[in-house]
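Q: Before I ask anything, here is the structure I am working with.
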Amino acid sequence: MKYNTDTQLNLNLSQQSEITSNLQVKQFSVADAELILYSGYFSDAESDVIFQKLLTEVNWRQDQIKFYGQEINIPRLTAWYGDSGKSYTYSNITMNPIAWTPVLLTIKQRIEEVEKISFNSVLINLYRDGKDSVAWHSDDEPELGKDPIIASVSFGGVRKFQLRHRFDKTLEKVEFNLTHGSLLMMKGKTQEFWQHQIPKTAKSVMPRINLTFRIIK
């Protein structure tokens, strides 16, 4: 995948884009979960622009976690943006919000059209290559409240997204690709009953930026 960073950077992202023929909507039939995938929610042209803007404008940070008593880098870069006072803690990492940027507000406005709700924060992850990943987890921190709605937007390289049930081990894993410009809505009991991950891959993959919009109570 090649990203055009010249003329496309002049696009006016504040305007509602036309719905393209690439938009596909899939509602998964999964026990104890509500998952809806909008492939091509953002057009290829605006996705190219957004990816480049996020890559260069986001204040990326490299966090560490303790693993068997040693500090190790988590395998990705992260950032936390949102309304004032909407801090977030996961894996003993506390993130205080950076003020919204124009491109983040544009993305937020666009995805809020799906659920007609207002998100007040976003966790951004940069997966630089196939070695970057996120391990099995649920977005069930206390700050998110009961049955949180998570809007996950992806730009850049295609990565595999996997889910497994936390309690019923007879259920098969759910697996699909998150593509350039896609929007995944996770609602209802999804975070209570399911874990998800982005596994490492030995394949050559382009960098990927993922944004998970949330509501901090």
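Ordering of the structure tokens sets the chain letters (A, B, ...); residue numbers start at 1 within each chain; ligands are numbered from 1 in the order shown.
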Which residues come within 7 Å of A:Ser121, counting only C-alpha atoms, excluding same-chain residues fewer than 5 positions away, as a list in words?
A: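 Returned residues: Tyr81, Gly82, Asp83, Lys86, Phe213, Arg214, Ile215 and Ile216 of chain A.
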Q: Restricted to all heavy atoms, what would the selected residues look like written as a PDB file, in the first residue's frame?
A:
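This is the output file result09.pdb:
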ATOM      1  N   TYR A  81      -5.674  11.231  23.843  1.00  0.00           N
ATOM      2  CA  TYR A  81      -6.236  12.557  23.611  1.00  0.00           C
ATOM      3  C   TYR A  81      -7.667  12.583  24.144  1.00  0.00           C
ATOM      4  O   TYR A  81      -8.333  11.538  24.188  1.00  0.00           O
ATOM      5  CB  TYR A  81      -6.234  12.895  22.121  1.00  0.00           C
ATOM      6  CG  TYR A  81      -4.872  13.262  21.574  1.00  0.00           C
ATOM      7  CD1 TYR A  81      -3.898  12.289  21.354  1.00  0.00           C
ATOM      8  CD2 TYR A  81      -4.555  14.588  21.265  1.00  0.00           C
ATOM      9  CE1 TYR A  81      -2.648  12.624  20.846  1.00  0.00           C
ATOM     10  CE2 TYR A  81      -3.313  14.932  20.750  1.00  0.00           C
ATOM     11  CZ  TYR A  81      -2.363  13.941  20.548  1.00  0.00           C
ATOM     12  OH  TYR A  81      -1.134  14.284  20.050  1.00  0.00           O
ATOM     13  N   GLY A  82      -8.135  13.771  24.526  1.00  0.00           N
ATOM     14  CA  GLY A  82      -9.506  13.842  24.989  1.00  0.00           C
ATOM     15  C   GLY A  82      -9.842  15.136  25.693  1.00  0.00           C
ATOM     16  O   GLY A  82      -9.046  16.085  25.724  1.00  0.00           O
ATOM     17  N   ASP A  83     -11.032  15.144  26.281  1.00  0.00           N
ATOM     18  CA  ASP A  83     -11.478  16.300  27.047  1.00  0.00           C
ATOM     19  C   ASP A  83     -10.635  16.454  28.312  1.00  0.00           C
ATOM     20  O   ASP A  83     -10.094  15.473  28.843  1.00  0.00           O
ATOM     21  CB  ASP A  83     -12.957  16.137  27.443  1.00  0.00           C
ATOM     22  CG  ASP A  83     -13.889  16.138  26.242  1.00  0.00           C
ATOM     23  OD1 ASP A  83     -13.421  16.408  25.120  1.00  0.00           O
ATOM     24  OD2 ASP A  83     -15.088  15.861  26.444  1.00  0.00           O
ATOM     25  N   LYS A  86     -10.104  13.836  31.571  1.00  0.00           N
ATOM     26  CA  LYS A  86     -10.482  12.463  31.241  1.00  0.00           C
ATOM     27  C   LYS A  86      -9.240  11.575  31.138  1.00  0.00           C
ATOM     28  O   LYS A  86      -8.830  11.139  30.066  1.00  0.00           O
ATOM     29  CB  LYS A  86     -11.292  12.427  29.940  1.00  0.00           C
ATOM     30  CG  LYS A  86     -12.574  13.250  29.991  1.00  0.00           C
ATOM     31  CD  LYS A  86     -13.507  12.760  31.095  1.00  0.00           C
ATOM     32  CE  LYS A  86     -14.801  13.558  31.131  1.00  0.00           C
ATOM     33  NZ  LYS A  86     -15.704  13.126  32.226  1.00  0.00           N
ATOM     34  N   PHE A 213     -12.062   5.122  20.227  1.00  0.00           N
ATOM     35  CA  PHE A 213     -12.779   6.214  20.882  1.00  0.00           C
ATOM     36  C   PHE A 213     -13.613   5.653  22.023  1.00  0.00           C
ATOM     37  O   PHE A 213     -14.274   4.618  21.877  1.00  0.00           O
ATOM     38  CB  PHE A 213     -13.650   6.938  19.875  1.00  0.00           C
ATOM     39  CG  PHE A 213     -12.882   7.791  18.909  1.00  0.00           C
ATOM     40  CD1 PHE A 213     -12.320   7.237  17.769  1.00  0.00           C
ATOM     41  CD2 PHE A 213     -12.697   9.143  19.153  1.00  0.00           C
ATOM     42  CE1 PHE A 213     -11.599   8.023  16.886  1.00  0.00           C
ATOM     43  CE2 PHE A 213     -11.957   9.934  18.279  1.00  0.00           C
ATOM     44  CZ  PHE A 213     -11.415   9.373  17.133  1.00  0.00           C
ATOM     45  N   ARG A 214     -13.614   6.368  23.144  1.00  0.00           N
ATOM     46  CA  ARG A 214     -14.252   5.901  24.368  1.00  0.00           C
ATOM     47  C   ARG A 214     -15.002   7.026  25.071  1.00  0.00           C
ATOM     48  O   ARG A 214     -14.818   8.200  24.747  1.00  0.00           O
ATOM     49  CB  ARG A 214     -13.188   5.335  25.328  1.00  0.00           C
ATOM     50  CG  ARG A 214     -12.345   4.211  24.723  1.00  0.00           C
ATOM     51  CD  ARG A 214     -10.898   4.312  25.165  1.00  0.00           C
ATOM     52  NE  ARG A 214     -10.044   3.351  24.460  1.00  0.00           N
ATOM     53  CZ  ARG A 214      -9.713   2.163  24.948  1.00  0.00           C
ATOM     54  NH1 ARG A 214     -10.114   1.812  26.154  1.00  0.00           N
ATOM     55  NH2 ARG A 214      -8.965   1.342  24.251  1.00  0.00           N
ATOM     56  N   ILE A 215     -15.787   6.630  26.061  1.00  0.00           N
ATOM     57  CA  ILE A 215     -16.437   7.600  26.952  1.00  0.00           C
ATOM     58  C   ILE A 215     -15.954   7.325  28.360  1.00  0.00           C
ATOM     59  O   ILE A 215     -16.284   6.289  28.953  1.00  0.00           O
ATOM     60  CB  ILE A 215     -17.979   7.492  26.876  1.00  0.00           C
ATOM     61  CG1 ILE A 215     -18.468   7.730  25.455  1.00  0.00           C
ATOM     62  CG2 ILE A 215     -18.615   8.475  27.843  1.00  0.00           C
ATOM     63  CD1 ILE A 215     -19.951   7.473  25.273  1.00  0.00           C
ATOM     64  N   ILE A 216     -15.142   8.215  28.901  1.00  0.00           N
ATOM     65  CA  ILE A 216     -14.687   8.118  30.279  1.00  0.00           C
ATOM     66  C   ILE A 216     -15.769   8.722  31.169  1.00  0.00           C
ATOM     67  O   ILE A 216     -16.166   9.875  30.994  1.00  0.00           O
ATOM     68  CB  ILE A 216     -13.360   8.855  30.480  1.00  0.00           C
ATOM     69  CG1 ILE A 216     -12.252   8.250  29.603  1.00  0.00           C
ATOM     70  CG2 ILE A 216     -12.941   8.831  31.954  1.00  0.00           C
ATOM     71  CD1 ILE A 216     -11.883   6.845  29.961  1.00  0.00           C
TER      72      ILE A 216
END
Q: Got a sec to tell me which of chain A DSSP assigns to strand (DSSP E or B), as a PyMOL selection string?
A: chain A and resi 24-27+34-39+61+64-67+70-73+77-82+88-90+93-95+98+121-127+134-137+150-156+159-165+174-178+182-187+194-198+208-214
Q: With only C-alpha atoms as the basis for distance, which of A:Asn210, A:Asn125, A:Thr89, A:Thr94 is at the shortest distance from A:Trp60?
A: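 When distances to A:Trp60 are compared using only C-alpha atoms, the smallest one comes from A:Asn125.
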Q: Restricting the calculation to only C-alpha atoms, which member of A:Trp194, A:Phe161, A:Tyr68, A:Phe155 is positioned closest to A:Pro207?
A: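 Ranking A:Trp194, A:Phe161, A:Tyr68, A:Phe155 by distance to A:Pro207, first place goes to A:Phe155.
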Q: Considering only C-alpha atoms, return as a PyMOL selection string whatever protein or nucleic-acid residues lie within 10 Å of stretch 134-147 of chain A, sequence-local ones (same chain, fewer than 6 positions apart) excluded.
A: chain A and resi 74-76+86-91+125+127+162-164+166+186-200+212+214-217
Q: Would you output that residue set with N, CA and C atoms, as a compact mmCIF listing (two decimals), in the first residue's frame?
A:
# COMPACT_ATOMS: atom_id res chain seq x y z
N ILE A 74 6.38 -1.66 25.81
CA ILE A 74 5.24 -2.31 25.19
C ILE A 74 5.45 -2.26 23.67
N PRO A 75 5.00 -3.28 22.95
CA PRO A 75 5.33 -3.39 21.53
C PRO A 75 4.46 -2.54 20.61
N ARG A 76 4.45 -1.24 20.83
CA ARG A 76 3.74 -0.28 20.00
C ARG A 76 3.93 1.10 20.64
N LYS A 86 -10.10 13.84 31.57
CA LYS A 86 -10.48 12.46 31.24
C LYS A 86 -9.24 11.57 31.14
N SER A 87 -8.63 11.31 32.28
CA SER A 87 -7.45 10.44 32.33
C SER A 87 -7.86 8.98 32.23
N TYR A 88 -6.89 8.14 31.90
CA TYR A 88 -7.17 6.72 31.66
C TYR A 88 -6.00 5.89 32.17
N THR A 89 -6.31 4.80 32.86
CA THR A 89 -5.28 3.92 33.41
C THR A 89 -5.52 2.48 32.96
N TYR A 90 -4.49 1.87 32.40
CA TYR A 90 -4.54 0.45 32.05
C TYR A 90 -3.14 -0.13 32.22
N SER A 91 -3.08 -1.38 32.67
CA SER A 91 -1.79 -2.06 32.89
C SER A 91 -0.85 -1.21 33.74
N ASN A 125 -2.97 3.94 18.92
CA ASN A 125 -1.85 3.01 18.89
C ASN A 125 -1.20 3.03 17.52
N TYR A 127 1.20 0.75 15.31
CA TYR A 127 1.85 -0.54 15.10
C TYR A 127 2.85 -0.34 13.96
N GLN A 162 -8.51 -10.52 16.50
CA GLN A 162 -9.04 -11.77 17.04
C GLN A 162 -9.78 -11.53 18.35
N LEU A 163 -10.84 -12.31 18.56
CA LEU A 163 -11.59 -12.28 19.82
C LEU A 163 -11.75 -13.70 20.35
N ARG A 164 -11.76 -13.83 21.68
CA ARG A 164 -12.03 -15.12 22.31
C ARG A 164 -12.93 -14.88 23.52
N ARG A 166 -14.30 -15.14 27.18
CA ARG A 166 -13.56 -15.20 28.44
C ARG A 166 -13.95 -16.40 29.29
N MET A 186 -17.86 -1.88 18.92
CA MET A 186 -18.01 -2.95 19.93
C MET A 186 -18.93 -2.41 21.01
N LYS A 187 -20.04 -3.09 21.21
CA LYS A 187 -21.08 -2.57 22.11
C LYS A 187 -21.61 -3.68 23.02
N GLY A 188 -22.61 -3.32 23.82
CA GLY A 188 -23.31 -4.29 24.66
C GLY A 188 -22.38 -4.97 25.65
N LYS A 189 -22.45 -6.29 25.71
CA LYS A 189 -21.68 -7.09 26.67
C LYS A 189 -20.33 -7.53 26.12
N THR A 190 -19.91 -6.96 25.00
CA THR A 190 -18.68 -7.43 24.35
C THR A 190 -17.49 -7.42 25.30
N GLN A 191 -17.26 -6.32 25.99
CA GLN A 191 -16.07 -6.21 26.84
C GLN A 191 -16.18 -7.07 28.10
N GLU A 192 -17.40 -7.36 28.53
CA GLU A 192 -17.59 -8.21 29.70
C GLU A 192 -17.30 -9.67 29.40
N PHE A 193 -17.64 -10.11 28.20
CA PHE A 193 -17.56 -11.54 27.89
C PHE A 193 -16.44 -11.91 26.91
N TRP A 194 -15.84 -10.93 26.24
CA TRP A 194 -14.84 -11.25 25.23
C TRP A 194 -13.54 -10.49 25.46
N GLN A 195 -12.44 -11.12 25.08
CA GLN A 195 -11.14 -10.47 25.00
C GLN A 195 -10.76 -10.35 23.52
N HIS A 196 -9.89 -9.38 23.21
CA HIS A 196 -9.44 -9.23 21.84
C HIS A 196 -7.95 -8.93 21.81
N GLN A 197 -7.34 -9.15 20.65
CA GLN A 197 -5.92 -8.90 20.49
C GLN A 197 -5.59 -8.60 19.02
N ILE A 198 -4.43 -7.97 18.83
CA ILE A 198 -3.79 -7.85 17.52
C ILE A 198 -2.50 -8.66 17.63
N PRO A 199 -2.44 -9.85 17.04
CA PRO A 199 -1.26 -10.70 17.20
C PRO A 199 -0.09 -10.22 16.35
N LYS A 200 1.11 -10.61 16.75
CA LYS A 200 2.29 -10.37 15.93
C LYS A 200 2.18 -11.17 14.64
N THR A 212 -9.14 4.03 19.25
CA THR A 212 -10.32 3.50 19.93
C THR A 212 -10.95 4.64 20.74
N ARG A 214 -13.61 6.37 23.14
CA ARG A 214 -14.25 5.90 24.37
C ARG A 214 -15.00 7.03 25.07
N ILE A 215 -15.79 6.63 26.06
CA ILE A 215 -16.44 7.60 26.95
C ILE A 215 -15.95 7.32 28.36
N ILE A 216 -15.14 8.22 28.90
CA ILE A 216 -14.69 8.12 30.28
C ILE A 216 -15.77 8.72 31.17
N LYS A 217 -16.27 7.92 32.09
CA LYS A 217 -17.36 8.38 32.95
C LYS A 217 -16.87 9.42 33.94
Q: List every residue of stretch 6-88 of chain A that has an atom at most 12 Å from any atom of stretch 112-116 of chain A, and for each one report the closest atom pair and its distance in Å to one decimal, counting only C-alpha atoms, with rows sorted by chain and then by increasing residue number, as a Markdown table.
A:
| residue | atom | partner | partner_atom | distance |
| --- | --- | --- | --- | --- |
| A:Gln16 | CA | A:Glu113 | CA | 10.6 |
| A:Val25 | CA | A:Val114 | CA | 11.7 |
| A:Ile36 | CA | A:Val114 | CA | 10.6 |
| A:Leu37 | CA | A:Val114 | CA | 11.4 |
| A:Tyr38 | CA | A:Val114 | CA | 10.1 |
| A:Tyr41 | CA | A:Val114 | CA | 10.4 |
Q: Residues of the last selection are to be written out with N, CA and C atoms, as a PDB file, in the first residue's frame.
A:
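Saved file again_25.pdb follows:
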ATOM      1  N   GLN A  16     -18.189  16.325   4.979  1.00  0.00           N
ATOM      2  CA  GLN A  16     -18.681  14.951   4.960  1.00  0.00           C
ATOM      3  C   GLN A  16     -18.369  14.330   3.603  1.00  0.00           C
ATOM      4  N   VAL A  25     -21.033  -3.192   5.301  1.00  0.00           N
ATOM      5  CA  VAL A  25     -21.424  -3.295   6.706  1.00  0.00           C
ATOM      6  C   VAL A  25     -21.684  -4.755   7.046  1.00  0.00           C
ATOM      7  N   ILE A  36     -20.120  -4.669  14.970  1.00  0.00           N
ATOM      8  CA  ILE A  36     -20.503  -4.219  13.634  1.00  0.00           C
ATOM      9  C   ILE A  36     -19.267  -3.634  12.963  1.00  0.00           C
ATOM     10  N   LEU A  37     -18.936  -4.155  11.777  1.00  0.00           N
ATOM     11  CA  LEU A  37     -17.761  -3.721  11.037  1.00  0.00           C
ATOM     12  C   LEU A  37     -18.188  -2.952   9.795  1.00  0.00           C
ATOM     13  N   TYR A  38     -17.704  -1.717   9.686  1.00  0.00           N
ATOM     14  CA  TYR A  38     -17.938  -0.879   8.509  1.00  0.00           C
ATOM     15  C   TYR A  38     -16.629  -0.802   7.726  1.00  0.00           C
ATOM     16  N   TYR A  41     -15.356   2.743   5.695  1.00  0.00           N
ATOM     17  CA  TYR A  41     -16.140   3.845   6.257  1.00  0.00           C
ATOM     18  C   TYR A  41     -15.533   5.185   5.862  1.00  0.00           C
TER      19      TYR A  41
END
Q: Based on DSSP run over this structure's backbone, return all residues of stretch 31-211 of chain A in helix (DSSP H, G or I), as a PyMOL selection string.
A: chain A and resi 44-57+102-115+142-144+190-193
Q: Only C-alpha atoms, please: the residues just picked out, written as a PDB file, in the first residue's frame.
A:
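Below you can see out_31.pdb, which holds the result:
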ATOM      1  CA  ASP A  44      -9.137   5.526   0.489  1.00  0.00           C
ATOM      2  CA  ALA A  45      -8.307   9.143  -0.365  1.00  0.00           C
ATOM      3  CA  GLU A  46      -9.233  10.600   3.011  1.00  0.00           C
ATOM      4  CA  SER A  47      -7.753   7.589   4.818  1.00  0.00           C
ATOM      5  CA  ASP A  48      -4.408   8.322   3.153  1.00  0.00           C
ATOM      6  CA  VAL A  49      -4.588  11.929   4.343  1.00  0.00           C
ATOM      7  CA  ILE A  50      -5.616  11.007   7.869  1.00  0.00           C
ATOM      8  CA  PHE A  51      -2.912   8.363   8.215  1.00  0.00           C
ATOM      9  CA  GLN A  52      -0.161  10.804   7.275  1.00  0.00           C
ATOM     10  CA  LYS A  53      -1.513  13.549   9.531  1.00  0.00           C
ATOM     11  CA  LEU A  54      -1.761  11.213  12.512  1.00  0.00           C
ATOM     12  CA  LEU A  55       1.698   9.763  11.885  1.00  0.00           C
ATOM     13  CA  THR A  56       3.336  13.190  11.938  1.00  0.00           C
ATOM     14  CA  GLU A  57       1.090  15.182  14.303  1.00  0.00           C
ATOM     15  CA  PRO A 102      -8.426  19.191  14.185  1.00  0.00           C
ATOM     16  CA  VAL A 103      -7.957  15.825  12.477  1.00  0.00           C
ATOM     17  CA  LEU A 104      -8.980  13.921  15.623  1.00  0.00           C
ATOM     18  CA  LEU A 105     -12.103  16.062  15.991  1.00  0.00           C
ATOM     19  CA  THR A 106     -12.952  15.381  12.350  1.00  0.00           C
ATOM     20  CA  ILE A 107     -12.659  11.609  12.831  1.00  0.00           C
ATOM     21  CA  LYS A 108     -14.656  11.823  16.065  1.00  0.00           C
ATOM     22  CA  GLN A 109     -17.447  13.775  14.416  1.00  0.00           C
ATOM     23  CA  ARG A 110     -17.675  11.300  11.568  1.00  0.00           C
ATOM     24  CA  ILE A 111     -17.935   8.188  13.741  1.00  0.00           C
ATOM     25  CA  GLU A 112     -20.392   9.820  16.143  1.00  0.00           C
ATOM     26  CA  GLU A 113     -22.851   9.812  13.261  1.00  0.00           C
ATOM     27  CA  VAL A 114     -23.143   6.024  13.647  1.00  0.00           C
ATOM     28  CA  GLU A 115     -24.318   5.881  17.270  1.00  0.00           C
ATOM     29  CA  PRO A 142     -13.716   1.138  35.739  1.00  0.00           C
ATOM     30  CA  GLU A 143     -13.454   4.548  34.039  1.00  0.00           C
ATOM     31  CA  LEU A 144     -15.402   3.172  31.058  1.00  0.00           C
ATOM     32  CA  THR A 190     -18.682  -7.427  24.354  1.00  0.00           C
ATOM     33  CA  GLN A 191     -16.074  -6.213  26.844  1.00  0.00           C
ATOM     34  CA  GLU A 192     -17.594  -8.206  29.705  1.00  0.00           C
ATOM     35  CA  PHE A 193     -17.557 -11.537  27.886  1.00  0.00           C
TER      36      PHE A 193
END
Q: Pick from A:Asn96, A:Ser84, A:Lys160, A:Ala31: nearest to A:Glu175, with only C-alpha atoms counted?
A: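 Looking at the shortest contact to A:Glu175, the residue is A:Lys160.
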Q: Given the choices A:Ser204, A:Thr170, A:Ser152, A:Gln70, which gets closest to A:Arg128 if the distance is worked out from only C-alpha atoms?
A: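 With only C-alpha atoms as the atom set, the closest residue is A:Ser204.
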Q: Taking into account only C-alpha atoms, which residue in the set A:Ile209, A:Val30, A:Val153, A:Leu123 is nearest to A:Leu171?
A: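 The answer is A:Val30, which sits nearest to A:Leu171.
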Q: Could you check which of A:Ala99, A:Val158, A:Ala151, A:Ile72 is closest to A:Gly85, using only C-alpha atoms?
A: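 Checking each of A:Ala99, A:Val158, A:Ala151, A:Ile72 against A:Gly85, counting only C-alpha atoms, the winner is A:Ala99.
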Q: Quick one: residues within 8 Å of A:Thr179, only C-alpha atoms counted, chain neighbours fewer than 2 positions away excluded, as a list in words?
A: Ser39, Gly40, Ser154, Phe155, Gly156, Gly157, Val158, Arg159, Asn177, Gly181 and Ser182 of chain A
Q: Could you save those same residues with all heavy atoms as a PDB file, in the first residue's frame?
A:
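Wrote part-v4.pdb, looks like this:
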ATOM      1  N   SER A  39     -16.496  -1.638   6.723  1.00  0.00           N
ATOM      2  CA  SER A  39     -15.298  -1.596   5.883  1.00  0.00           C
ATOM      3  C   SER A  39     -15.430  -0.435   4.906  1.00  0.00           C
ATOM      4  O   SER A  39     -16.486  -0.239   4.309  1.00  0.00           O
ATOM      5  CB  SER A  39     -15.128  -2.910   5.127  1.00  0.00           C
ATOM      6  OG  SER A  39     -14.987  -3.995   6.026  1.00  0.00           O
ATOM      7  N   GLY A  40     -14.362   0.332   4.736  1.00  0.00           N
ATOM      8  CA  GLY A  40     -14.411   1.472   3.836  1.00  0.00           C
ATOM      9  C   GLY A  40     -15.249   2.623   4.348  1.00  0.00           C
ATOM     10  O   GLY A  40     -15.787   3.406   3.568  1.00  0.00           O
ATOM     11  N   SER A 154      -9.310   2.213  11.991  1.00  0.00           N
ATOM     12  CA  SER A 154      -7.981   1.785  11.556  1.00  0.00           C
ATOM     13  C   SER A 154      -7.571   2.482  10.266  1.00  0.00           C
ATOM     14  O   SER A 154      -8.374   2.617   9.342  1.00  0.00           O
ATOM     15  CB  SER A 154      -7.961   0.261  11.341  1.00  0.00           C
ATOM     16  OG  SER A 154      -8.236  -0.431  12.544  1.00  0.00           O
ATOM     17  N   PHE A 155      -6.301   2.894  10.228  1.00  0.00           N
ATOM     18  CA  PHE A 155      -5.718   3.478   9.030  1.00  0.00           C
ATOM     19  C   PHE A 155      -4.343   2.861   8.811  1.00  0.00           C
ATOM     20  O   PHE A 155      -3.585   2.654   9.757  1.00  0.00           O
ATOM     21  CB  PHE A 155      -5.573   4.999   9.173  1.00  0.00           C
ATOM     22  CG  PHE A 155      -6.870   5.716   9.406  1.00  0.00           C
ATOM     23  CD1 PHE A 155      -7.195   6.205  10.666  1.00  0.00           C
ATOM     24  CD2 PHE A 155      -7.779   5.900   8.384  1.00  0.00           C
ATOM     25  CE1 PHE A 155      -8.390   6.869  10.895  1.00  0.00           C
ATOM     26  CE2 PHE A 155      -8.983   6.553   8.597  1.00  0.00           C
ATOM     27  CZ  PHE A 155      -9.288   7.030   9.853  1.00  0.00           C
ATOM     28  N   GLY A 156      -4.019   2.571   7.571  1.00  0.00           N
ATOM     29  CA  GLY A 156      -2.704   2.015   7.275  1.00  0.00           C
ATOM     30  C   GLY A 156      -2.777   0.541   6.945  1.00  0.00           C
ATOM     31  O   GLY A 156      -3.743   0.057   6.353  1.00  0.00           O
ATOM     32  N   GLY A 157      -1.721  -0.193   7.339  1.00  0.00           N
ATOM     33  CA  GLY A 157      -1.611  -1.604   7.001  1.00  0.00           C
ATOM     34  C   GLY A 157      -2.721  -2.453   7.600  1.00  0.00           C
ATOM     35  O   GLY A 157      -3.246  -2.159   8.672  1.00  0.00           O
ATOM     36  N   VAL A 158      -3.054  -3.518   6.903  1.00  0.00           N
ATOM     37  CA  VAL A 158      -4.092  -4.440   7.352  1.00  0.00           C
ATOM     38  C   VAL A 158      -3.529  -5.343   8.439  1.00  0.00           C
ATOM     39  O   VAL A 158      -2.445  -5.923   8.287  1.00  0.00           O
ATOM     40  CB  VAL A 158      -4.601  -5.298   6.169  1.00  0.00           C
ATOM     41  CG1 VAL A 158      -5.625  -6.321   6.649  1.00  0.00           C
ATOM     42  CG2 VAL A 158      -5.182  -4.412   5.080  1.00  0.00           C
ATOM     43  N   ARG A 159      -4.253  -5.461   9.540  1.00  0.00           N
ATOM     44  CA  ARG A 159      -3.855  -6.372  10.618  1.00  0.00           C
ATOM     45  C   ARG A 159      -5.028  -7.252  11.016  1.00  0.00           C
ATOM     46  O   ARG A 159      -6.192  -6.867  10.905  1.00  0.00           O
ATOM     47  CB  ARG A 159      -3.351  -5.585  11.840  1.00  0.00           C
ATOM     48  CG  ARG A 159      -2.051  -4.836  11.626  1.00  0.00           C
ATOM     49  CD  ARG A 159      -0.862  -5.745  11.327  1.00  0.00           C
ATOM     50  NE  ARG A 159      -0.522  -6.589  12.456  1.00  0.00           N
ATOM     51  CZ  ARG A 159       0.394  -6.274  13.375  1.00  0.00           C
ATOM     52  NH1 ARG A 159       1.040  -5.116  13.293  1.00  0.00           N
ATOM     53  NH2 ARG A 159       0.681  -7.104  14.359  1.00  0.00           N
ATOM     54  N   ASN A 177     -10.020  -9.230   9.411  1.00  0.00           N
ATOM     55  CA  ASN A 177      -9.033  -8.182   9.160  1.00  0.00           C
ATOM     56  C   ASN A 177      -9.623  -6.804   9.382  1.00  0.00           C
ATOM     57  O   ASN A 177     -10.784  -6.551   9.043  1.00  0.00           O
ATOM     58  CB  ASN A 177      -8.502  -8.277   7.731  1.00  0.00           C
ATOM     59  CG  ASN A 177      -7.602  -9.473   7.520  1.00  0.00           C
ATOM     60  OD1 ASN A 177      -6.912  -9.919   8.441  1.00  0.00           O
ATOM     61  ND2 ASN A 177      -7.572  -9.997   6.304  1.00  0.00           N
ATOM     62  N   GLY A 181      -9.161   2.512   6.716  1.00  0.00           N
ATOM     63  CA  GLY A 181     -10.411   3.259   6.699  1.00  0.00           C
ATOM     64  C   GLY A 181     -11.600   2.552   7.302  1.00  0.00           C
ATOM     65  O   GLY A 181     -12.733   3.038   7.190  1.00  0.00           O
ATOM     66  N   SER A 182     -11.384   1.434   7.986  1.00  0.00           N
ATOM     67  CA  SER A 182     -12.500   0.670   8.560  1.00  0.00           C
ATOM     68  C   SER A 182     -12.889   1.191   9.942  1.00  0.00           C
ATOM     69  O   SER A 182     -12.094   1.803  10.650  1.00  0.00           O
ATOM     70  CB  SER A 182     -12.144  -0.817   8.662  1.00  0.00           C
ATOM     71  OG  SER A 182     -11.080  -1.014   9.591  1.00  0.00           O
TER      72      SER A 182
END
Q: Name all residues at most 6 Å from A:Leu35 (count only C-alpha atoms; drop same-chain ones fewer than 6 positions away) and give them as a PyMOL selection string.
A: chain A and resi 27-28+185-186
